[in-house]
>>> print(open('coords.txt').read())   # compact mmCIF, C-alpha atoms
# COMPACT_ATOMS: atom_id res chain seq x y z
CA GLU A 1471 10.33 26.24 12.60
CA GLU A 1472 10.62 27.66 9.08
CA ASP A 1473 10.58 24.10 7.75
CA GLU A 1474 7.44 23.34 9.78
CA GLU A 1475 5.69 26.48 8.45
CA ALA A 1476 6.63 25.61 4.85
CA LEU A 1477 5.33 22.06 5.41
CA GLU A 1478 2.02 23.30 6.84
CA GLU A 1479 1.60 25.48 3.74
CA LEU A 1480 2.08 22.45 1.47
CA LEU A 1481 -0.44 20.46 3.51
CA GLY A 1482 -3.19 23.09 3.40
CA PRO A 1483 -6.72 22.35 2.11
CA SER A 1484 -6.72 20.69 -1.30
CA PRO A 1485 -8.34 22.54 -4.22
CA LEU A 1486 -9.27 19.12 -5.64
CA ALA A 1487 -11.16 17.79 -2.61
CA PRO A 1488 -14.87 17.20 -3.31
CA ARG A 1489 -17.07 19.73 -1.54
CA PRO A 1490 -17.61 18.85 2.13
CA GLY A 1491 -20.85 17.31 3.29
CA ALA A 1492 -22.96 14.40 2.10
CA GLN A 1493 -22.65 13.01 -1.43
CA ARG A 1494 -25.38 10.95 -3.08
CA VAL A 1495 -23.54 9.05 -5.80
CA ALA A 1496 -24.63 7.22 -8.94
CA ILE A 1497 -21.96 4.70 -9.97
CA VAL A 1498 -21.67 4.17 -13.71
CA HIS A 1499 -19.57 1.28 -14.99
CA PRO A 1500 -18.63 1.17 -18.70
CA ALA A 1501 -18.72 -2.57 -19.49
CA VAL A 1502 -16.35 -3.54 -22.32
CA LYS A 1503 -17.96 -6.55 -23.98
CA TRP A 1504 -14.96 -7.69 -26.07
CA GLY A 1505 -11.47 -6.73 -27.20
CA PRO A 1506 -8.12 -6.19 -25.43
CA GLN A 1507 -9.63 -3.86 -22.82
CA LYS A 1508 -11.88 -6.59 -21.41
CA SER A 1509 -10.38 -8.36 -18.37
CA PRO A 1510 -10.91 -12.16 -18.40
CA LEU A 1511 -10.53 -12.36 -14.60
CA THR A 1512 -13.54 -10.30 -13.58
CA THR A 1513 -17.10 -9.25 -14.48
CA ALA A 1514 -18.85 -5.89 -14.71
CA GLU A 1515 -20.91 -6.82 -11.61
CA LEU A 1516 -17.78 -7.46 -9.51
CA GLN A 1517 -16.10 -4.28 -10.79
CA ILE A 1518 -19.10 -2.12 -9.89
CA ALA A 1519 -19.29 -3.85 -6.46
CA GLU A 1520 -15.69 -2.77 -5.78
CA ALA A 1521 -16.54 0.79 -6.89
CA ALA A 1522 -19.46 0.74 -4.41
CA ALA A 1523 -17.07 -0.45 -1.65
CA LEU A 1524 -14.83 2.55 -2.42
CA VAL A 1525 -17.77 4.95 -2.04
CA ASP A 1526 -18.90 3.23 1.19
CA THR A 1527 -15.43 3.88 2.64
CA LEU A 1528 -16.11 7.63 2.64
CA GLN A 1529 -18.06 9.21 5.46
CA ASN A 1530 -21.46 10.69 4.45
CA TRP A 1531 -21.18 9.27 0.93
CA THR A 1532 -24.00 6.95 -0.15
CA VAL A 1533 -24.57 4.92 -3.31
CA LEU A 1534 -27.81 5.99 -4.90
CA ASP A 1535 -27.72 3.68 -7.91
CA LYS A 1536 -25.35 1.30 -9.76
CA ILE A 1537 -25.63 1.45 -13.54
CA ILE A 1538 -23.79 -0.84 -15.98
CA ILE A 1539 -23.74 0.46 -19.57
CA PRO A 1540 -21.94 -1.33 -22.44
CA THR A 1541 -19.26 0.45 -24.47
CA LYS A 1542 -16.78 -0.49 -27.17
CA ASN A 1543 -14.13 2.06 -26.16
CA PRO A 1544 -14.26 3.75 -22.70
CA LYS A 1545 -11.38 6.04 -23.73
CA LYS A 1546 -13.43 8.13 -26.20
CA LYS A 1547 -14.67 11.63 -25.33
CA PHE A 1548 -18.15 10.71 -24.07
CA VAL A 1549 -17.06 7.19 -22.98
CA PHE A 1550 -20.25 5.62 -24.45
CA GLY A 1551 -21.87 5.48 -27.88
CA LYS A 1552 -24.48 8.15 -28.71
CA GLY A 1553 -27.58 6.01 -27.97
CA ASN A 1554 -26.26 4.57 -24.70
CA PHE A 1555 -25.08 8.02 -23.59
CA GLN A 1556 -28.60 9.39 -24.08
CA VAL A 1557 -30.18 6.50 -22.12
CA LEU A 1558 -27.64 7.03 -19.31
CA THR A 1559 -28.23 10.81 -19.20
CA GLU A 1560 -31.99 10.27 -18.83
CA LYS A 1561 -31.41 7.74 -16.00
CA ILE A 1562 -29.12 10.12 -14.10
CA LYS A 1563 -31.52 13.07 -14.48
CA LYS A 1564 -34.36 10.96 -13.00
CA LEU A 1565 -32.40 10.02 -9.85
CA PRO A 1566 -33.66 11.86 -6.73
CA HIS A 1567 -31.18 14.36 -5.20
CA VAL A 1568 -28.12 12.90 -7.00
CA THR A 1569 -25.04 15.07 -6.28
CA ALA A 1570 -22.28 13.19 -8.16
CA VAL A 1571 -21.53 10.46 -10.69
CA PHE A 1572 -18.63 8.07 -10.11
CA LEU A 1573 -17.53 6.86 -13.54
CA ASN A 1574 -15.68 3.62 -12.81
CA VAL A 1575 -12.67 4.14 -15.11
CA GLU A 1576 -9.06 4.72 -14.08
CA ARG A 1577 -8.86 8.31 -15.30
CA ILE A 1578 -10.87 10.70 -17.49
CA SER A 1579 -9.40 13.79 -19.13
CA SER A 1580 -10.36 17.21 -17.78
CA LEU A 1581 -12.13 17.89 -21.11
CA THR A 1582 -14.27 14.70 -20.83
CA LYS A 1583 -15.02 15.56 -17.19
CA LYS A 1584 -16.21 19.06 -18.21
CA GLU A 1585 -18.40 17.68 -21.03
CA LEU A 1586 -19.98 15.03 -18.78
CA GLU A 1587 -20.62 17.50 -15.95
CA GLY A 1588 -22.26 19.83 -18.49
CA ALA A 1589 -24.51 17.01 -19.75
CA TRP A 1590 -25.47 15.60 -16.33
CA GLY A 1591 -25.46 18.76 -14.20
CA VAL A 1592 -23.50 17.14 -11.32
CA GLN A 1593 -19.85 16.56 -10.36
CA VAL A 1594 -18.14 13.60 -12.09
CA PHE A 1595 -15.41 11.56 -10.39
CA ASP A 1596 -13.15 8.82 -11.78
CA ARG A 1597 -11.25 6.14 -9.81
CA TYR A 1598 -8.21 8.41 -9.47
CA THR A 1599 -10.31 11.15 -7.83
CA VAL A 1600 -12.21 8.79 -5.51
CA VAL A 1601 -9.14 6.79 -4.39
CA LEU A 1602 -7.18 10.03 -3.94
CA HIS A 1603 -9.99 11.39 -1.74
CA ILE A 1604 -9.98 8.19 0.37
CA PHE A 1605 -6.21 8.61 0.75
CA ARG A 1606 -6.74 12.27 1.68
CA CYS A 1607 -9.26 11.31 4.40
CA ASN A 1608 -7.10 8.46 5.77
CA ALA A 1609 -3.67 10.15 5.70
CA GLN A 1610 -2.50 10.58 9.29
CA THR A 1611 1.23 11.31 9.09
CA LYS A 1612 2.99 14.18 7.32
CA GLU A 1613 4.56 11.70 4.90
CA ALA A 1614 1.21 10.23 3.82
CA LYS A 1615 -0.25 13.76 3.44
CA LEU A 1616 2.74 14.86 1.34
CA GLN A 1617 2.38 11.77 -0.88
CA VAL A 1618 -1.29 12.61 -1.45
CA ALA A 1619 -0.32 16.22 -2.30
CA LEU A 1620 2.24 14.87 -4.80
CA ALA A 1621 -0.38 12.59 -6.41
CA GLU A 1622 -2.63 15.65 -6.91
CA ILE A 1623 -0.08 17.49 -9.08
CA PRO A 1624 -0.91 15.68 -12.40
CA LEU A 1625 -4.62 16.43 -11.84
CA LEU A 1626 -3.95 20.09 -11.05
CA ARG A 1627 -1.78 20.36 -14.19
CA SER A 1628 -4.44 18.77 -16.39
CA ASN A 1629 -7.21 21.00 -14.91
CA LEU A 1630 -5.03 24.05 -15.45
CA LYS A 1631 -4.53 23.37 -19.18
CA ASN A 1632 -8.27 22.99 -19.61
CA GLU A 1633 -9.13 26.17 -17.66
CA VAL A 1634 -6.59 28.32 -19.53
CA SER A 1635 -7.60 27.00 -22.96
CA GLN A 1636 -11.24 27.85 -22.08
CA GLN A 1637 -10.23 31.37 -21.04
CA ASP A 1638 -8.18 31.83 -24.20
CA GLN A 1639 -11.16 30.82 -26.34
CA GLN A 1640 -13.43 33.27 -24.52
CA ARG A 1641 -10.96 36.18 -24.60
CA GLY A 1642 -9.46 35.49 -28.02
CA GLY A 1643 -5.79 34.76 -27.33
CA SER A 1644 -3.32 34.35 -24.48
CA ARG A 1645 -3.36 36.88 -21.66
CA TYR A 1646 -0.07 38.18 -20.32
CA ILE A 1647 0.47 39.06 -16.69
CA MET A 1648 1.72 42.47 -15.60
CA GLY A 1649 3.48 42.89 -18.97
CA SER A 1650 6.12 40.37 -17.89
CA GLY A 1651 5.88 38.37 -21.09
CA GLU A 1652 4.68 35.31 -19.11
CA THR A 1653 1.29 33.86 -19.99
CA LEU A 1654 -1.21 32.83 -17.33
CA LEU A 1655 -0.56 29.15 -18.17
CA GLU A 1656 3.22 29.60 -17.83
CA THR A 1657 2.85 31.37 -14.47
CA GLN A 1658 0.51 28.73 -13.08
CA ASN A 1659 2.75 25.93 -14.40
CA ARG A 1660 5.77 27.52 -12.74
CA VAL A 1661 3.89 27.72 -9.41
CA LEU A 1662 2.91 24.05 -9.75
CA LYS A 1663 6.50 23.05 -10.60
CA GLU A 1664 7.78 24.90 -7.52
CA ARG A 1665 5.11 23.22 -5.36
CA GLU A 1666 6.05 19.78 -6.72
CA LEU A 1667 9.75 20.44 -6.02
CA LYS A 1668 9.00 21.52 -2.43
CA ILE A 1669 6.90 18.37 -1.83
CA ARG A 1670 9.60 16.10 -3.30
CA ASN A 1671 12.28 17.81 -1.15
CA ALA A 1672 10.17 17.40 2.01
CA LEU A 1673 9.57 13.71 1.15
CA GLU A 1674 13.29 13.21 0.51
CA LYS A 1675 14.09 14.56 4.01
CA LEU A 1676 11.62 12.10 5.52
CA ARG A 1677 13.05 9.30 3.35
CA ARG A 1678 16.57 10.01 4.66
CA LYS A 1679 15.25 9.99 8.23
CA ARG A 1680 13.64 6.59 7.61
CA ALA A 1681 16.86 5.27 6.04
CA LEU A 1682 18.65 6.25 9.27
CA LEU A 1683 16.09 4.34 11.36
CA ARG A 1684 16.48 1.38 9.01
CA THR A 1685 20.27 1.41 9.53
CA GLN A 1686 19.74 1.39 13.30
CA ARG A 1687 17.38 -1.59 12.95
CA ARG A 1688 19.95 -3.39 10.80
CA LYS A 1689 22.56 -2.91 13.55
CA CYS A 1690 20.23 -4.73 15.94
CA GLU A 1691 19.94 -7.45 13.27
CA PHE A 1692 16.15 -7.69 13.60
CA PRO A 1693 14.75 -9.53 10.55
CA ILE A 1694 12.10 -7.50 8.67
CA VAL A 1695 8.94 -9.17 7.32
CA SER A 1696 6.83 -7.02 4.95
CA VAL A 1697 3.14 -7.97 4.98
CA MET A 1698 1.48 -7.06 1.68
CA GLY A 1699 -1.76 -7.70 -0.15
CA TYR A 1700 -4.84 -6.31 -1.86
CA THR A 1701 -6.65 -3.64 0.13
CA ASN A 1702 -8.89 -5.05 2.90
CA CYS A 1703 -7.41 -8.60 2.67
CA GLY A 1704 -6.72 -8.71 6.44
CA LYS A 1705 -3.03 -7.64 6.68
CA THR A 1706 -3.46 -5.65 9.91
CA THR A 1707 -5.57 -8.41 11.51
CA LEU A 1708 -2.86 -10.95 10.64
CA ILE A 1709 -0.09 -8.77 12.13
CA LYS A 1710 -2.16 -8.33 15.29
CA ALA A 1711 -2.54 -12.13 15.52
CA LEU A 1712 1.19 -12.74 14.92
CA THR A 1713 2.38 -10.11 17.41
CA GLY A 1714 -0.40 -10.01 20.01
CA GLU A 1715 -0.23 -6.20 19.82
CA ALA A 1716 -3.41 -5.02 21.53
CA GLY A 1717 -3.12 -1.44 20.21
CA LEU A 1718 -3.62 -2.53 16.59
CA GLN A 1719 -7.20 -1.85 15.54
CA PRO A 1720 -7.96 -3.38 12.12
CA ARG A 1721 -10.80 -1.72 10.19
CA ASP A 1722 -13.03 -3.43 7.66
CA GLN A 1723 -12.55 -0.84 4.94
CA LEU A 1724 -10.46 -0.15 1.87
CA PHE A 1725 -7.14 1.66 2.38
CA ALA A 1726 -7.36 1.73 6.19
CA THR A 1727 -3.52 1.63 6.26
CA LEU A 1728 -1.65 4.33 4.31
CA ASP A 1729 1.53 4.57 6.34
CA ILE A 1730 4.25 2.02 6.92
CA THR A 1731 3.93 0.80 10.51
CA ALA A 1732 6.34 -1.61 12.25
CA HIS A 1733 5.34 -4.17 14.90
CA ALA A 1734 7.59 -6.54 16.88
CA GLY A 1735 6.75 -10.22 17.25
CA TYR A 1736 8.41 -13.50 18.17
CA LEU A 1737 8.86 -16.69 16.15
CA PRO A 1738 8.73 -20.23 17.65
CA SER A 1739 12.48 -20.11 18.42
CA HIS A 1740 11.95 -16.84 20.40
CA MET A 1741 13.71 -14.91 17.62
CA ALA A 1742 12.38 -11.33 17.47
CA VAL A 1743 11.19 -10.07 14.07
CA ILE A 1744 9.63 -6.82 12.86
CA TYR A 1745 6.42 -7.09 10.84
CA VAL A 1746 5.87 -4.13 8.52
CA ASP A 1747 2.26 -3.26 7.61
CA THR A 1748 2.01 -1.65 4.16
CA ILE A 1749 -0.50 0.17 1.95
CA GLY A 1750 -2.99 -2.12 0.17
CA PHE A 1751 -3.26 -2.46 -3.61
CA LEU A 1752 -6.19 -2.00 -5.96
CA THR A 1753 -6.90 -3.04 -9.56
CA ASP A 1754 -6.45 -0.08 -11.92
CA LEU A 1755 -4.77 1.92 -9.16
CA PRO A 1756 -3.54 4.87 -11.24
CA HIS A 1757 0.19 4.83 -11.97
CA ASN A 1758 0.74 8.33 -10.49
CA LEU A 1759 -0.74 7.19 -7.18
CA VAL A 1760 1.57 4.17 -6.96
CA GLU A 1761 4.51 6.41 -7.91
CA SER A 1762 3.63 8.97 -5.21
CA PHE A 1763 3.67 6.23 -2.60
CA SER A 1764 6.90 4.67 -3.89
CA ALA A 1765 8.77 6.22 -0.92
CA THR A 1766 6.53 4.21 1.41
CA LEU A 1767 6.83 1.05 -0.68
CA GLU A 1768 10.62 1.47 -0.87
CA GLU A 1769 10.76 -0.03 2.63
CA VAL A 1770 9.71 -3.39 1.17
CA ALA A 1771 12.96 -3.67 -0.84
CA TYR A 1772 14.92 -3.72 2.44
CA SER A 1773 12.91 -6.50 4.07
CA ASP A 1774 14.15 -10.07 4.51
CA LEU A 1775 10.83 -11.66 3.57
CA ILE A 1776 7.50 -10.74 1.98
CA VAL A 1777 4.26 -12.30 3.21
CA HIS A 1778 1.51 -11.93 0.58
CA VAL A 1779 -1.94 -12.06 2.22
CA ARG A 1780 -4.97 -12.99 0.10
CA ASP A 1781 -8.66 -12.79 0.98
CA ILE A 1782 -9.59 -16.23 -0.27
CA THR A 1783 -13.34 -15.55 0.11
CA HIS A 1784 -13.30 -12.71 -2.44
CA PRO A 1785 -14.76 -13.66 -5.84
CA GLU A 1786 -11.89 -11.79 -7.56
CA THR A 1787 -9.10 -13.32 -5.47
CA ILE A 1788 -7.15 -14.47 -8.60
CA LEU A 1789 -7.31 -10.98 -10.16
CA GLN A 1790 -6.29 -9.47 -6.81
CA LYS A 1791 -3.25 -11.77 -6.66
CA ALA A 1792 -2.27 -10.78 -10.22
CA THR A 1793 -2.62 -7.07 -9.28
CA VAL A 1794 -0.36 -7.38 -6.21
CA LEU A 1795 2.29 -9.39 -8.07
CA SER A 1796 2.24 -6.88 -10.94
CA VAL A 1797 2.86 -3.94 -8.56
CA LEU A 1798 5.61 -5.87 -6.73
CA ARG A 1799 7.39 -6.63 -10.01
CA ASN A 1800 7.22 -2.93 -10.97
CA LEU A 1801 8.94 -1.98 -7.70
CA ASN A 1802 12.16 -3.60 -9.00
CA LEU A 1803 12.54 -5.70 -5.85
CA PRO A 1804 15.51 -8.07 -5.54
CA SER A 1805 14.61 -11.38 -7.22
CA HIS A 1806 15.31 -13.42 -4.06
CA LEU A 1807 12.51 -11.51 -2.28
CA LEU A 1808 9.97 -12.41 -4.96
CA ASP A 1809 11.17 -16.03 -5.13
CA SER A 1810 10.97 -16.63 -1.35
CA MET A 1811 7.59 -14.94 -0.84
CA VAL A 1812 5.13 -16.69 1.51
CA GLU A 1813 1.54 -16.79 0.23
CA VAL A 1814 -1.15 -16.74 2.92
CA HIS A 1815 -4.78 -17.62 2.16
CA ASN A 1816 -6.70 -15.66 4.81
CA LYS A 1817 -10.32 -15.86 6.06
CA VAL A 1818 -10.53 -19.67 5.61
CA ASP A 1819 -12.98 -19.78 8.53
CA LEU A 1820 -15.58 -18.49 6.04
CA VAL A 1821 -15.00 -21.35 3.54
CA GLU A 1822 -16.02 -24.88 4.46
CA ARG A 1823 -13.11 -27.41 4.47
CA TYR A 1824 -10.79 -25.09 2.55
CA LYS A 1825 -7.63 -26.55 0.98
CA PRO A 1826 -5.22 -24.31 -1.00
CA THR A 1827 -4.73 -25.46 -4.60
CA GLU A 1828 -1.51 -23.42 -4.99
CA GLU A 1829 1.67 -25.18 -3.94
CA ASN A 1830 3.32 -23.79 -0.78
CA ALA A 1831 0.30 -21.58 0.11
CA LEU A 1832 -0.73 -21.60 3.79
CA ALA A 1833 -4.38 -21.51 4.89
CA VAL A 1834 -5.04 -19.26 7.91
CA SER A 1835 -7.76 -17.44 9.75
CA ALA A 1836 -6.12 -14.34 11.23
CA LEU A 1837 -9.33 -13.63 13.16
CA HIS A 1838 -9.57 -17.06 14.83
CA GLY A 1839 -5.86 -17.99 14.93
CA HIS A 1840 -6.20 -21.03 12.65
CA GLY A 1841 -2.92 -21.97 10.89
CA LEU A 1842 -0.78 -19.34 12.66
CA LYS A 1843 1.58 -21.93 14.18
CA GLU A 1844 2.43 -23.33 10.71
CA LEU A 1845 2.78 -19.81 9.32
CA LYS A 1846 5.24 -18.78 12.05
CA GLN A 1847 7.29 -21.93 11.41
CA GLU A 1848 7.39 -21.17 7.68
CA ILE A 1849 8.39 -17.53 8.32
CA GLU A 1850 11.16 -18.71 10.66
CA LYS A 1851 12.50 -21.20 8.11
CA LYS A 1852 12.58 -18.56 5.35
CA ILE A 1853 14.11 -15.91 7.66
CA LEU A 1854 16.98 -18.21 8.68
CA THR A 1855 17.74 -18.84 4.99
CA ALA A 1856 17.40 -15.15 3.99
CA THR A 1857 19.47 -13.69 6.82
CA GLY A 1858 22.15 -16.38 7.04
CA LYS A 1859 21.42 -16.74 10.78
CA LYS A 1860 22.61 -20.01 12.31
CA ILE A 1861 21.19 -22.21 15.05
CA LEU A 1862 24.15 -23.34 17.17
CA THR A 1863 24.87 -24.99 20.50
CA ILE A 1864 27.81 -23.40 22.31
CA LYS A 1865 29.56 -24.84 25.36
CA ILE A 1866 30.40 -22.04 27.80
CA HIS A 1867 31.92 -21.59 31.29
CA LEU A 1868 29.28 -20.20 33.67
CA GLU A 1869 31.82 -18.01 35.46
CA GLY A 1870 32.84 -16.27 32.23
CA PRO A 1871 31.08 -13.42 30.38
CA GLN A 1872 29.90 -15.59 27.43
CA LEU A 1873 26.32 -16.20 28.64
CA SER A 1874 25.48 -12.52 29.24
CA TRP A 1875 27.16 -11.67 25.89
CA LEU A 1876 24.99 -14.24 24.08
CA TYR A 1877 21.80 -12.97 25.76
CA LYS A 1878 22.68 -9.47 24.57
CA GLU A 1879 23.85 -10.22 21.00
CA ALA A 1880 21.91 -13.37 19.97
CA THR A 1881 18.61 -15.19 20.59
CA VAL A 1882 19.13 -17.67 23.42
CA GLN A 1883 16.73 -20.61 23.08
CA GLU A 1884 17.85 -23.07 25.75
CA VAL A 1885 20.44 -23.22 28.55
CA GLU A 1886 21.37 -26.69 29.80
CA VAL A 1887 23.53 -26.30 32.94
CA MET A 1888 26.09 -28.98 33.85
CA PRO A 1889 26.86 -28.23 37.52
CA GLU A 1890 29.60 -30.91 37.85
CA ASP A 1891 32.09 -28.87 35.80
CA GLY A 1892 30.52 -25.38 35.96
CA THR A 1893 29.63 -25.30 32.25
CA ALA A 1894 26.44 -24.99 30.20
CA ARG A 1895 25.29 -25.86 26.71
CA VAL A 1896 23.55 -22.84 25.22
CA LYS A 1897 21.39 -23.17 22.11
CA VAL A 1898 21.31 -19.86 20.20
CA ILE A 1899 20.20 -18.26 16.94
CA ILE A 1900 22.98 -15.93 15.91
CA GLY A 1901 23.64 -13.64 12.93
CA SER A 1902 26.85 -14.04 10.94
CA SER A 1903 28.43 -10.73 12.09
CA ALA A 1904 27.61 -11.45 15.77
CA PHE A 1905 29.01 -14.99 15.34
CA GLY A 1906 32.23 -13.55 13.92
CA ARG A 1907 32.55 -11.20 16.91
CA TYR A 1908 31.88 -14.09 19.33
CA LYS A 1909 34.65 -16.24 17.79
CA ASN A 1910 37.11 -13.32 18.05
CA LEU A 1911 36.20 -12.64 21.70
CA PHE A 1912 36.03 -16.28 22.82
CA PRO A 1913 38.31 -18.28 20.49
CA ASN A 1914 38.43 -21.35 22.77
CA SER A 1915 34.64 -21.92 22.91
CA LYS A 1916 33.32 -25.28 21.72
CA ILE A 1917 30.65 -24.82 19.06
CA PHE A 1918 28.25 -27.48 17.73
CA MET A 1919 25.99 -27.01 14.68
CA SER A 1920 22.33 -27.75 15.57
>>> encode(input="coords.txt", output="structure tokens")
Amino acid sequence: EEDEEALEELLGPSPLAPRPGAQRVAIVHPAVKWGPQKSPLTTAELQIAEAAALVDTLQNWTVLDKIIIPTKNPKKKFVFGKGNFQVLTEKIKKLPHVTAVFLNVERISSLTKKELEGAWGVQVFDRYTVVLHIFRCNAQTKEAKLQVALAEIPLLRSNLKNEVSQQDQQRGGSRYIMGSGETLLETQNRVLKERELKIRNALEKLRRKRALLRTQRRKCEFPIVSVMGYTNCGKTTLIKALTGEAGLQPRDQLFATLDITAHAGYLPSHMAVIYVDTIGFLTDLPHNLVESFSATLEEVAYSDLIVHVRDITHPETILQKATVLSVLRNLNLPSHLLDSMVEVHNKVDLVERYKPTEENALAVSALHGHGLKELKQEIEKKILTATGKKILTIKIHLEGPQLSWLYKEATVQEVEVMPEDGTARVKVIIGSSAFGRYKNLFPNSKIFMS
């Protein structure tokens, strides 16, 4: 109970959450025209469209205007040059009932945020703040909420430095608290450090619990397939199509899935597998956010196969692929997982006569079921290789316990009964440890490789 109370305290209302109620947002995109900061795989129009999709994800938030302004260096204090900044300020001031500006950069410093809010007279959000707020609204489980709280710590720390330095300038020097010799900044930093430690400890407890569940799954020898991809590429729809799970309700929005969820399905050979639905990725997803959700993504390292789903209709599909692969490489996954990955080109029903140009990519429509048979066959082939499972035909005596043992410990595909001598040929998919146990229990069985 004490643990529950402490957890509830950590999951209280966030001081960083934008004020409740409707937000009328102007999106401002700093377009880098040349240099190393310009991405060759996208355009300013596509980047601002993604920013608008992020805003549309939030309830009662509406996009009032989308403004693209050129800049040489979006990392400087006012983001834009003097002339462009003036033009932008006039545009924002003329917008009717604007309540916030979403500056489409990964992260702005608390000092820049303060200066911009002073100039424009409204709240200013960056990608970190907006994505974090989407996570905050979508987090259902305690683990997801704790990971959001952990991702807030760097922002709280940065805001704190700015607030205290402002106070020091106004009061002329550091203020000490209760004569303890500890400055306001030191006290607040200590409180933040303690909060971070509590969150990490709570997440570690949940991680250990998940590791226990994973061990139990391993004992059952269920192969694990992690389904990954850019946010809103159709992962949940694909899992629903592969498993037939009626309870899965895919949503057409960014970051609809924040928690790892597991779903059982069957492959053509009747072998049971577990499909794991994971958090989606985003270009320029701030490093701290990815780090906070590393506990969730850790599950991927223990899977037998990764299925990478791509929305092939998206104009930035190549950039999205690069983003996902970059995050996967940073997770330090075993090389065999990256090498055996299955690439799925989803939503092909929206492209006339679509043919993948990438080698080994499979074209599917998760919504209409197109290409699912081929995908299941490919998953099965890769799973058999990854897990070392064998397809065997075993000759058994029907009076003995072998058949019920095989039904319990392996995947029985076919039973061909030979009534004349009371035997049967049983075709099975069996894991190496179960096969070892079978040979020890029934050393006289005849076994044929399929």
>>> atom_distance(input="coords.txt", atom1="atom CA of A:Phe1572", atom2="atom CA of A:Gln1790")
21.7 Å
>>> residues_around(input="coords.txt", residues="A:Ser1902", least_positions_apart="4", cutoff="9 Å", atoms="all atoms listed in the file", output="list in words")
Thr1857, Gly1858, Lys1859, Lys1860, Gly1906 and Arg1907 of chain A
>>> closest_residue(input="coords.txt", among="A:Pro1490, A:Gly1553, A:Pro1510, A:Gly1699", to="A:Leu1528", atoms="only C-alpha atoms")
A:Pro1490
>>> closest_residue(input="coords.txt", among="A:Leu1845, A:Val1502, A:Leu1565, A:Leu1808", to="A:Lys1542", atoms="all atoms listed in the file")
A:Val1502
>>> atom_distance(input="coords.txt", atom1="atom CA of A:Glu1879", atom2="atom CA of A:Ile1849")
21.3 Å
>>> atom_distance(input="coords.txt", atom1="atom CA of A:Ala1496", atom2="atom CA of A:Pro1720")
28.9 Å
